[in-house]
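Everything below belongs to upload.pdb, which stores PDB, C-alpha atoms.
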```
ATOM      1  CA  MET U1243      -5.356 -18.318 -25.616
ATOM      2  CA  LEU U1244      -5.729 -14.761 -24.396
ATOM      3  CA  SER U1245      -9.397 -15.273 -23.448
ATOM      4  CA  VAL U1246      -8.492 -18.255 -21.247
ATOM      5  CA  VAL U1247      -5.735 -16.235 -19.594
ATOM      6  CA  ILE U1248      -8.146 -13.357 -19.045
ATOM      7  CA  ASN U1249     -10.598 -15.673 -17.307
ATOM      8  CA  ILE U1250      -7.829 -17.032 -15.066
ATOM      9  CA  VAL U1251      -6.717 -13.497 -14.252
ATOM     10  CA  TYR U1252     -10.294 -12.499 -13.395
ATOM     11  CA  PHE U1253     -10.457 -15.440 -11.011
ATOM     12  CA  MET U1254      -7.121 -14.602  -9.370
ATOM     13  CA  LEU U1255      -8.109 -10.972  -8.901
ATOM     14  CA  SER U1256     -11.422 -12.064  -7.382
ATOM     15  CA  VAL U1257      -9.604 -14.244  -4.852
ATOM     16  CA  ALA U1258      -7.305 -11.324  -3.993
ATOM     17  CA  LEU U1259     -10.349  -9.078  -3.595
ATOM     18  CA  LEU U1260     -11.947 -11.625  -1.279
ATOM     19  CA  PHE U1261      -8.836 -11.795   0.939
ATOM     20  CA  ALA U1262      -8.614  -8.009   1.137
ATOM     21  CA  PHE U1263     -12.315  -7.848   1.975
ATOM     22  CA  ILE U1264     -11.853 -10.343   4.820
ATOM     23  CA  ARG U1265      -9.155  -8.084   6.275
ATOM     24  CA  LEU U1266     -11.444  -5.084   5.754
ATOM     25  CA  THR U1267     -14.215  -6.630   7.814
ATOM     26  CA  LYS U1268     -11.938  -8.224  10.426
ATOM     27  CA  GLY U1269      -9.212  -5.572  10.802
ATOM     28  CA  PRO U1270      -8.666  -4.826  14.474
ATOM     29  CA  SER U1271      -7.983  -1.100  14.026
ATOM     30  CA  LEU U1272      -9.024   1.639  11.624
ATOM     31  CA  PRO U1273      -5.580   2.000   9.938
ATOM     32  CA  ASP U1274      -5.735  -1.704   9.033
ATOM     33  CA  ARG U1275      -9.008  -1.114   7.252
ATOM     34  CA  VAL U1276      -7.605   1.897   5.429
ATOM     35  CA  VAL U1277      -4.639  -0.164   4.228
ATOM     36  CA  SER U1278      -6.906  -2.907   2.942
ATOM     37  CA  LEU U1279      -9.149  -0.326   1.236
ATOM     38  CA  GLU U1280      -6.075   0.934  -0.586
ATOM     39  CA  LEU U1281      -5.220  -2.591  -1.702
ATOM     40  CA  ILE U1282      -8.804  -3.070  -2.893
ATOM     41  CA  ALA U1283      -8.504   0.115  -4.966
ATOM     42  CA  SER U1284      -5.334  -1.085  -6.634
ATOM     43  CA  ILE U1285      -6.916  -4.508  -7.315
ATOM     44  CA  VAL U1286      -9.847  -2.713  -8.955
ATOM     45  CA  VAL U1287      -7.381  -0.765 -11.113
ATOM     46  CA  GLY U1288      -6.075  -4.145 -12.266
ATOM     47  CA  TYR U1289      -9.662  -5.338 -12.903
ATOM     48  CA  VAL U1290     -10.370  -2.309 -15.075
ATOM     49  CA  GLY U1291      -7.192  -2.877 -17.073
ATOM     50  CA  VAL U1292      -8.065  -6.527 -17.694
ATOM     51  CA  HIS U1293     -11.611  -5.542 -18.631
ATOM     52  CA  ALA U1294     -10.224  -3.008 -21.134
ATOM     53  CA  ILE U1295      -8.290  -5.826 -22.800
ATOM     54  CA  ASP U1296     -11.327  -8.123 -22.632
ATOM     55  CA  THR U1297     -13.762  -5.730 -24.287
ATOM     56  CA  GLY U1298     -11.271  -3.837 -26.448
ATOM     57  CA  VAL U1299     -12.487  -0.465 -25.157
ATOM     58  CA  SER U1300      -9.364   1.540 -24.436
ATOM     59  CA  SER U1301     -11.324   4.450 -22.910
ATOM     60  CA  LEU U1302     -11.720   2.349 -19.764
ATOM     61  CA  LEU U1303      -8.189   3.395 -18.817
ATOM     62  CA  ASP U1304      -9.585   6.789 -17.807
ATOM     63  CA  VAL U1305     -11.640   4.981 -15.183
ATOM     64  CA  ALA U1306      -8.451   3.377 -13.874
ATOM     65  CA  ILE U1307      -6.782   6.794 -13.630
ATOM     66  CA  VAL U1308      -9.714   8.191 -11.654
ATOM     67  CA  ILE U1309      -9.791   5.186  -9.306
ATOM     68  CA  ALA U1310      -6.068   5.486  -8.580
ATOM     69  CA  LEU U1311      -6.486   9.202  -7.912
ATOM     70  CA  THR U1312      -9.425   8.801  -5.524
ATOM     71  CA  ALA U1313      -7.661   5.961  -3.688
ATOM     72  CA  PHE U1314      -4.693   8.204  -2.986
ATOM     73  CA  LEU U1315      -6.888  11.074  -1.850
ATOM     74  CA  THR U1316      -8.891   8.716   0.394
ATOM     75  CA  ALA U1317      -5.732   7.432   2.072
ATOM     76  CA  VAL U1318      -4.389  10.916   2.746
ATOM     77  CA  GLY U1319      -7.770  12.153   3.979
ATOM     78  CA  PHE U1320      -8.194   9.195   6.333
ATOM     79  CA  ALA U1321      -4.702   9.718   7.709
ATOM     80  CA  ARG U1322      -5.407  13.389   8.387
ATOM     81  CA  PHE U1323      -8.647  12.424  10.094
ATOM     82  CA  LEU U1324      -6.908   9.805  12.242
ATOM     83  CA  GLU U1325      -4.113  12.125  13.332
ATOM     84  CA  ARG U1326      -6.483  14.895  14.297
ATOM     85  CA  GLY U1327      -8.986  12.595  15.950
ATOM     86  CA  GLY U1328      -6.977  12.208  19.131
ATOM     87  CA  ARG U1329      -5.718   9.116  20.901
ATOM     88  CA  LYS U1330      -7.333   5.728  20.544
ATOM     89  CA  SER U1331      -7.365   5.087  24.277
ATOM     90  CA  GLU U1332      -9.677   8.023  25.008
TER      91      GLU U1332
ATOM     92  CA  MET Q1032       3.930 -13.382 -29.884
ATOM     93  CA  SER Q1033       2.392 -10.214 -28.538
ATOM     94  CA  GLU Q1034      -0.413 -12.307 -27.066
ATOM     95  CA  LEU Q1035       2.113 -14.423 -25.200
ATOM     96  CA  ILE Q1036       3.815 -11.373 -23.684
ATOM     97  CA  VAL Q1037       0.469  -9.858 -22.707
ATOM     98  CA  SER Q1038      -0.582 -13.138 -21.061
ATOM     99  CA  ILE Q1039       2.645 -13.383 -19.093
ATOM    100  CA  LEU Q1040       2.354  -9.766 -17.919
ATOM    101  CA  LEU Q1041      -1.275 -10.195 -16.861
ATOM    102  CA  LEU Q1042      -0.637 -13.456 -15.031
ATOM    103  CA  THR Q1043       2.394 -12.050 -13.208
ATOM    104  CA  GLY Q1044       0.452  -8.946 -12.238
ATOM    105  CA  ALA Q1045      -2.436 -11.001 -10.872
ATOM    106  CA  GLY Q1046       0.068 -13.190  -9.027
ATOM    107  CA  PHE Q1047       1.526 -10.126  -7.327
ATOM    108  CA  MET Q1048      -1.997  -8.997  -6.410
ATOM    109  CA  ILE Q1049      -2.733 -12.377  -4.814
ATOM    110  CA  LEU Q1050       0.576 -12.208  -2.933
ATOM    111  CA  ALA Q1051      -0.357  -8.770  -1.617
ATOM    112  CA  ALA Q1052      -3.798 -10.011  -0.550
ATOM    113  CA  VAL Q1053      -2.387 -13.095   1.196
ATOM    114  CA  GLY Q1054       0.131 -10.856   2.937
ATOM    115  CA  ILE Q1055      -2.550  -8.449   4.115
ATOM    116  CA  LEU Q1056      -4.587 -11.373   5.399
ATOM    117  CA  ARG Q1057      -1.847 -13.343   7.130
ATOM    118  CA  LEU Q1058       0.709 -10.857   8.479
ATOM    119  CA  PRO Q1059       0.476  -9.918  12.162
ATOM    120  CA  ASP Q1060       0.450  -6.115  12.507
ATOM    121  CA  LEU Q1061      -0.072  -2.833  10.688
ATOM    122  CA  PRO Q1062       3.443  -2.030   9.372
ATOM    123  CA  THR Q1063       4.014  -5.551   8.034
ATOM    124  CA  ARG Q1064       0.598  -5.590   6.353
ATOM    125  CA  MET Q1065       1.373  -2.246   4.773
ATOM    126  CA  HIS Q1066       4.722  -3.596   3.679
ATOM    127  CA  ALA Q1067       2.979  -6.411   1.802
ATOM    128  CA  SER Q1068       0.086  -4.487   0.306
ATOM    129  CA  THR Q1069       1.863  -1.333  -0.860
ATOM    130  CA  LYS Q1070       4.762  -2.813  -2.751
ATOM    131  CA  ALA Q1071       3.198  -5.970  -4.168
ATOM    132  CA  GLY Q1072      -0.134  -4.289  -4.931
ATOM    133  CA  ALA Q1073       1.518  -1.409  -6.795
ATOM    134  CA  MET Q1074       3.704  -3.886  -8.694
ATOM    135  CA  GLY Q1075       0.629  -5.892  -9.709
ATOM    136  CA  ALA Q1076      -1.231  -2.825 -10.973
ATOM    137  CA  MET Q1077       1.821  -1.633 -12.875
ATOM    138  CA  MET Q1078       2.352  -4.992 -14.599
ATOM    139  CA  THR Q1079      -1.328  -5.133 -15.572
ATOM    140  CA  MET Q1080      -1.028  -1.663 -17.077
ATOM    141  CA  ALA Q1081       2.101  -2.747 -18.950
ATOM    142  CA  GLY Q1082       0.052  -5.641 -20.344
ATOM    143  CA  VAL Q1083      -2.700  -3.253 -21.444
ATOM    144  CA  ALA Q1084      -0.199  -0.972 -23.198
ATOM    145  CA  MET Q1085       1.332  -4.027 -24.917
ATOM    146  CA  HIS Q1086      -2.049  -5.344 -26.075
ATOM    147  CA  PHE Q1087      -3.402  -2.176 -27.676
ATOM    148  CA  ALA Q1088       0.002  -1.109 -29.112
ATOM    149  CA  ASP Q1089      -1.237   2.421 -29.644
ATOM    150  CA  VAL Q1090       0.440   5.700 -28.741
ATOM    151  CA  VAL Q1091      -2.607   7.121 -26.946
ATOM    152  CA  VAL Q1092      -3.189   3.990 -24.851
ATOM    153  CA  PHE Q1093       0.513   3.691 -24.132
ATOM    154  CA  THR Q1094       0.607   7.263 -22.851
ATOM    155  CA  ARG Q1095      -2.382   6.689 -20.573
ATOM    156  CA  ALA Q1096      -1.007   3.431 -19.186
ATOM    157  CA  PHE Q1097       2.354   5.101 -18.635
ATOM    158  CA  ALA Q1098       0.620   7.944 -16.799
ATOM    159  CA  ILE Q1099      -1.145   5.431 -14.532
ATOM    160  CA  VAL Q1100       2.125   3.627 -13.816
ATOM    161  CA  ILE Q1101       3.936   6.868 -12.967
ATOM    162  CA  PHE Q1102       1.027   7.984 -10.808
ATOM    163  CA  ILE Q1103       0.944   4.729  -8.831
ATOM    164  CA  LEU Q1104       4.725   4.818  -8.496
ATOM    165  CA  ILE Q1105       4.567   8.312  -7.000
ATOM    166  CA  THR Q1106       1.510   8.003  -4.771
ATOM    167  CA  ALA Q1107       1.856   4.501  -3.269
ATOM    168  CA  PRO Q1108       4.849   5.359  -1.019
ATOM    169  CA  ILE Q1109       3.284   8.648   0.059
ATOM    170  CA  ALA Q1110       0.011   6.986   1.038
ATOM    171  CA  ALA Q1111       1.821   4.200   2.891
ATOM    172  CA  HIS Q1112       3.988   6.691   4.782
ATOM    173  CA  VAL Q1113       1.013   8.808   5.782
ATOM    174  CA  ILE Q1114      -1.073   5.863   6.994
ATOM    175  CA  GLY Q1115       1.855   4.296   8.829
ATOM    176  CA  ARG Q1116       2.566   7.578  10.591
ATOM    177  CA  ALA Q1117      -1.068   7.991  11.604
ATOM    178  CA  GLY Q1118      -1.218   4.379  12.794
ATOM    179  CA  TYR Q1119       1.902   4.770  14.905
ATOM    180  CA  PHE Q1120       0.684   7.971  16.512
ATOM    181  CA  LEU Q1121      -2.647   6.305  17.256
ATOM    182  CA  GLY Q1122      -0.834   3.710  19.324
ATOM    183  CA  THR Q1123      -1.632   0.692  17.164
ATOM    184  CA  PRO Q1124       0.023  -2.284  18.907
ATOM    185  CA  LEU Q1125       3.034  -3.776  17.154
ATOM    186  CA  TRP Q1126       3.640  -7.488  16.761
ATOM    187  CA  GLU Q1127       5.064  -9.042  19.945
ATOM    188  CA  GLY Q1128       8.082 -10.312  17.985
ATOM    189  CA  THR Q1129       9.138  -6.795  17.009
ATOM    190  CA  ILE Q1130      12.851  -6.385  17.655
ATOM    191  CA  LYS Q1131      13.463  -2.711  17.032
ATOM    192  CA  ASP Q1132      11.219   0.303  17.608
ATOM    193  CA  GLU Q1133      13.472   3.331  17.464
ATOM    194  CA  LEU Q1134      10.673   5.871  17.732
ATOM    195  CA  LYS Q1135       9.504   4.512  21.079
ATOM    196  CA  ASP Q1136      12.408   5.901  23.086
ATOM    197  CA  ASN Q1137      12.525   9.295  21.428
ATOM    198  CA  TYR Q1138       8.852  10.114  20.924
ATOM    199  CA  ASP Q1139       6.831  11.876  23.591
ATOM    200  CA  GLU Q1140       3.164  10.911  23.342
ATOM    201  CA  ARG Q1141       1.800  13.820  25.344
ATOM    202  CA  THR Q1142       3.591  16.670  23.619
ATOM    203  CA  HIS Q1143       3.601  14.876  20.247
ATOM    204  CA  SER Q1144       7.238  15.762  19.653
ATOM    205  CA  LEU Q1145      10.396  13.891  18.723
ATOM    206  CA  TYR Q1146      13.834  14.067  20.305
ATOM    207  CA  SER Q1147      16.927  13.555  18.225
ATOM    208  CA  GLY Q1148      19.031  12.226  21.104
ATOM    209  CA  PHE Q1149      21.484  15.122  21.013
ATOM    210  CA  GLU Q1150      19.652  17.576  23.253
ATOM    211  CA  PRO Q1151      19.255  16.975  27.002
ATOM    212  CA  ALA Q1152      16.132  14.846  27.234
ATOM    213  CA  PRO Q1153      13.293  15.776  29.633
ATOM    214  CA  GLU Q1154      12.281  13.544  32.528
ATOM    215  CA  SER Q1155       9.563  11.723  30.611
ATOM    216  CA  VAL Q1156      11.870  10.501  27.851
ATOM    217  CA  ILE Q1157      15.148   8.777  28.579
ATOM    218  CA  PRO Q1158      16.570   7.565  25.273
ATOM    219  CA  PRO Q1159      19.093   4.736  25.648
ATOM    220  CA  THR Q1160      20.930   5.981  22.571
ATOM    221  CA  HIS Q1161      21.711   9.105  24.543
ATOM    222  CA  LYS Q1162      23.592   7.167  27.228
ATOM    223  CA  LYS Q1163      25.492   5.081  24.738
ATOM    224  CA  ARG Q1164      26.622   8.152  22.839
ATOM    225  CA  SER Q1165      28.074   9.827  25.941
ATOM    226  CA  GLU Q1166      29.992   6.658  26.788
ATOM    227  CA  ASP Q1167      31.500   6.736  23.334
ATOM    228  CA  ASP Q1168      32.560  10.326  23.887
ATOM    229  CA  GLU Q1169      34.515   9.369  26.995
ATOM    230  CA  ASP Q1170      36.520   6.861  25.033
TER     231      ASP Q1170
END
```

Could you render the structure from this file as structure tokens?
Amino acid sequence: MLSVVINIVYFMLSVALLFAFIRLTKGPSLPDRVVSLELIASIVVGYVGVHAIDTGVSSLLDVAIVIALTAFLTAVGFARFLERGGRKSE
Amino acid sequence: MSELIVSILLLTGAGFMILAAVGILRLPDLPTRMHASTKAGAMGAMMTMAGVAMHFADVVVFTRAFAIVIFILITAPIAAHVIGRAGYFLGTPLWEGTIKDELKDNYDERTHSLYSGFEPAPESVIPPTHKKRSEDDED
């Protein structure tokens, strides 16, 4: 039963990833893209967790920790860059 | 029994992720998109991690999953706040149905400073809250 559920969850996460990717390509402004990148990172954290259950390798959780950490740092770095970069109208 | 709980946690987490993705795709402007993606996305990741901790039922794995959950819980609001702030200062247009934008009257774009409404405002910024407050004082 768990393997069927894992396949369904993989599919659902893939659909979510696709939606977030559409917003990433379409997003009218740079902050929109940053927000969707953050969502993609947290979807990938979910992927890694499901994959850890699927394969039974619990060390994969370290990967999830690193992905969450880099996603946070990326968001803060992008925000600093945006605020220092001046106005959009210029 | 444990398998059932793990399945429910995983499915709910993936459902939250899909909700976040639909929200980020369908909602009209930056703050509402952030509203969808931050809360629902963090909830989805946390429920998935709870499912992982439940499945392995091991102290080491539980500690790691708990660390991830705490980390997401701490960093998601900070990241959302920082991006929202940057987006507002960039002048990202809000949805045309926006009812309330309290920063607009009190924020000076050129000097990049905020007014609280209590000090005498300069010529460039005339906050309506200021007027209302002085009327209240007369009463």

- Contacts of stretch 1313-1321 of chain U at 12 Å (all atoms listed in the file; same-chain gap of 3+ positions) as a VMD selection string: (chain U and resid 1272 to 1287 1306 to 1310 1324 to 1328) or (chain Q and resid 1069 1102 to 1121)

- Message: I'd like to know which of U:Val1292, U:Ser1271, U:Leu1311, U:Leu1266 is closest to U:Phe1253, using only C-alpha atoms.
- Response: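 Closest to U:Phe1253, using only C-alpha atoms: U:Val1292.
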
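From atom CA of Q:Leu1050 back to atom CA of U:Gly1288, the distance works out to 14.0 Å.
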
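Taking atom CA of Q:Pro1059 and atom CA of U:Tyr1252 as endpoints, the distance between them is 27.9 Å.
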
Mind dumping a table of every chain Q residue within 7 Å of chain U, with the nearest atom pair and its distance in Å to one decimal, using all atoms listed in the file, sorted by chain and rising number, as JSON lines?
```
{"residue": "Q:Glu1034", "atom": "CA", "partner": "U:Leu1244", "partner_atom": "CA", "distance": 6.4}
{"residue": "Q:Ser1038", "atom": "CA", "partner": "U:Val1247", "partner_atom": "CA", "distance": 6.2}
{"residue": "Q:Leu1041", "atom": "CA", "partner": "U:Val1251", "partner_atom": "CA", "distance": 6.9}
{"residue": "Q:Leu1042", "atom": "CA", "partner": "U:Val1251", "partner_atom": "CA", "distance": 6.1}
{"residue": "Q:Ala1045", "atom": "CA", "partner": "U:Val1251", "partner_atom": "CA", "distance": 6.0}
{"residue": "Q:Met1048", "atom": "CA", "partner": "U:Ala1258", "partner_atom": "CA", "distance": 6.3}
{"residue": "Q:Ile1049", "atom": "CA", "partner": "U:Ala1258", "partner_atom": "CA", "distance": 4.8}
{"residue": "Q:Ala1052", "atom": "CA", "partner": "U:Ala1258", "partner_atom": "CA", "distance": 5.1}
{"residue": "Q:Val1053", "atom": "CA", "partner": "U:Phe1261", "partner_atom": "CA", "distance": 6.6}
{"residue": "Q:Ile1055", "atom": "CA", "partner": "U:Ala1262", "partner_atom": "CA", "distance": 6.8}
{"residue": "Q:Leu1056", "atom": "CA", "partner": "U:Arg1265", "partner_atom": "CA", "distance": 5.7}
{"residue": "Q:Leu1061", "atom": "CA", "partner": "U:Asp1274", "partner_atom": "CA", "distance": 6.0}
{"residue": "Q:Met1065", "atom": "CA", "partner": "U:Val1277", "partner_atom": "CA", "distance": 6.4}
{"residue": "Q:Ser1068", "atom": "CA", "partner": "U:Leu1281", "partner_atom": "CA", "distance": 6.0}
{"residue": "Q:Gly1072", "atom": "CA", "partner": "U:Leu1281", "partner_atom": "CA", "distance": 6.3}
{"residue": "Q:Ala1073", "atom": "CA", "partner": "U:Ser1284", "partner_atom": "CA", "distance": 6.9}
{"residue": "Q:Ala1076", "atom": "CA", "partner": "U:Gly1288", "partner_atom": "CA", "distance": 5.2}
{"residue": "Q:Thr1079", "atom": "CA", "partner": "U:Gly1288", "partner_atom": "CA", "distance": 5.9}
{"residue": "Q:Met1080", "atom": "CA", "partner": "U:Gly1291", "partner_atom": "CA", "distance": 6.3}
{"residue": "Q:Val1083", "atom": "CA", "partner": "U:Gly1291", "partner_atom": "CA", "distance": 6.3}
{"residue": "Q:Val1092", "atom": "CA", "partner": "U:Ser1300", "partner_atom": "CA", "distance": 6.7}
{"residue": "Q:Arg1095", "atom": "CA", "partner": "U:Leu1303", "partner_atom": "CA", "distance": 6.9}
{"residue": "Q:Ile1099", "atom": "CA", "partner": "U:Ile1307", "partner_atom": "CA", "distance": 5.9}
{"residue": "Q:Thr1106", "atom": "CA", "partner": "U:Phe1314", "partner_atom": "CA", "distance": 6.5}
{"residue": "Q:Ala1110", "atom": "CA", "partner": "U:Ala1317", "partner_atom": "CA", "distance": 5.9}
{"residue": "Q:Val1113", "atom": "CA", "partner": "U:Ala1321", "partner_atom": "CA", "distance": 6.1}
{"residue": "Q:Ile1114", "atom": "CA", "partner": "U:Ala1321", "partner_atom": "CA", "distance": 5.3}
{"residue": "Q:Ala1117", "atom": "CA", "partner": "U:Glu1325", "partner_atom": "CA", "distance": 5.4}
{"residue": "Q:Gly1118", "atom": "CA", "partner": "U:Pro1273", "partner_atom": "CA", "distance": 5.7}
{"residue": "Q:Leu1121", "atom": "CA", "partner": "U:Arg1329", "partner_atom": "CA", "distance": 5.5}
{"residue": "Q:Gly1122", "atom": "CA", "partner": "U:Lys1330", "partner_atom": "CA", "distance": 6.9}
```

- Task: Quote the spacing between atom CA of Q:Val1037 and atom CA of Q:Ala1081 in Å to one decimal place.
- Result: 8.2 Å

- In terms of all atoms listed in the file, the residue from Q:Leu1040, Q:Glu1140, Q:Asp1060, Q:Ser1033 at minimal distance from Q:Glu1127 is Q:Asp1060

Hey, can I get the axis-aligned box for stretch 1295-1303 of chain U? All listed atoms, 8 Å padding on each side, centre and edge lengths in Å to one decimal, as lines of an AutoDock Vina configuration file.
```
center_x = -11.0
center_y = -1.8
center_z = -22.6
size_x = 21.6
size_y = 28.6
size_z = 23.6
```

Kindly complete stretch 1281-1306 of chain U to N, CA and C atoms; the output should be written as a short mmCIF file (atom, residue, chain, number, x, y, z; two decimals), in the coordinates of the input.
```cif
data_model
loop_
_atom_site.label_atom_id
_atom_site.label_comp_id
_atom_site.auth_asym_id
_atom_site.auth_seq_id
_atom_site.Cartn_x
_atom_site.Cartn_y
_atom_site.Cartn_z
N LEU U 1281 -5.53 -1.41 -0.89
CA LEU U 1281 -5.22 -2.59 -1.70
C LEU U 1281 -6.40 -2.92 -2.61
N ILE U 1282 -7.63 -2.80 -2.07
CA ILE U 1282 -8.80 -3.07 -2.89
C ILE U 1282 -8.84 -2.12 -4.08
N ALA U 1283 -8.50 -0.84 -3.86
CA ALA U 1283 -8.50 0.12 -4.97
C ALA U 1283 -7.50 -0.29 -6.03
N SER U 1284 -6.31 -0.76 -5.60
CA SER U 1284 -5.33 -1.08 -6.63
C SER U 1284 -5.71 -2.39 -7.32
N ILE U 1285 -6.42 -3.31 -6.63
CA ILE U 1285 -6.92 -4.51 -7.32
C ILE U 1285 -7.97 -4.12 -8.36
N VAL U 1286 -8.82 -3.14 -8.01
CA VAL U 1286 -9.85 -2.71 -8.96
C VAL U 1286 -9.22 -2.04 -10.17
N VAL U 1287 -8.10 -1.32 -9.96
CA VAL U 1287 -7.38 -0.76 -11.11
C VAL U 1287 -6.95 -1.89 -12.05
N GLY U 1288 -6.44 -2.99 -11.45
CA GLY U 1288 -6.08 -4.14 -12.27
C GLY U 1288 -7.28 -4.73 -13.00
N TYR U 1289 -8.42 -4.85 -12.29
CA TYR U 1289 -9.66 -5.34 -12.90
C TYR U 1289 -10.02 -4.52 -14.14
N VAL U 1290 -9.97 -3.19 -13.97
CA VAL U 1290 -10.37 -2.31 -15.08
C VAL U 1290 -9.44 -2.48 -16.27
N GLY U 1291 -8.13 -2.64 -15.98
CA GLY U 1291 -7.19 -2.88 -17.07
C GLY U 1291 -7.50 -4.16 -17.81
N VAL U 1292 -7.75 -5.24 -17.06
CA VAL U 1292 -8.06 -6.53 -17.69
C VAL U 1292 -9.37 -6.43 -18.48
N HIS U 1293 -10.34 -5.70 -17.93
CA HIS U 1293 -11.61 -5.54 -18.63
C HIS U 1293 -11.44 -4.74 -19.92
N ALA U 1294 -10.51 -3.76 -19.91
CA ALA U 1294 -10.22 -3.01 -21.13
C ALA U 1294 -9.68 -3.93 -22.21
N ILE U 1295 -8.80 -4.87 -21.81
CA ILE U 1295 -8.29 -5.83 -22.80
C ILE U 1295 -9.42 -6.74 -23.27
N ASP U 1296 -10.27 -7.17 -22.32
CA ASP U 1296 -11.33 -8.12 -22.63
C ASP U 1296 -12.31 -7.55 -23.64
N THR U 1297 -12.75 -6.31 -23.41
CA THR U 1297 -13.76 -5.73 -24.29
C THR U 1297 -13.16 -4.97 -25.45
N GLY U 1298 -11.88 -4.60 -25.37
CA GLY U 1298 -11.27 -3.84 -26.45
C GLY U 1298 -11.61 -2.36 -26.41
N VAL U 1299 -12.16 -1.89 -25.29
CA VAL U 1299 -12.49 -0.46 -25.16
C VAL U 1299 -11.35 0.20 -24.40
N SER U 1300 -10.54 0.98 -25.11
CA SER U 1300 -9.36 1.54 -24.44
C SER U 1300 -9.73 2.74 -23.58
N SER U 1301 -10.93 3.29 -23.73
CA SER U 1301 -11.32 4.45 -22.91
C SER U 1301 -11.47 4.09 -21.44
N LEU U 1302 -11.57 2.77 -21.16
CA LEU U 1302 -11.72 2.35 -19.76
C LEU U 1302 -10.51 2.72 -18.92
N LEU U 1303 -9.38 3.03 -19.59
CA LEU U 1303 -8.19 3.40 -18.82
C LEU U 1303 -8.41 4.69 -18.05
N ASP U 1304 -9.28 5.56 -18.56
CA ASP U 1304 -9.59 6.79 -17.81
C ASP U 1304 -10.20 6.45 -16.46
N VAL U 1305 -11.05 5.42 -16.45
CA VAL U 1305 -11.64 4.98 -15.18
C VAL U 1305 -10.54 4.55 -14.21
N ALA U 1306 -9.54 3.83 -14.74
CA ALA U 1306 -8.45 3.38 -13.87
C ALA U 1306 -7.70 4.57 -13.30
#
```
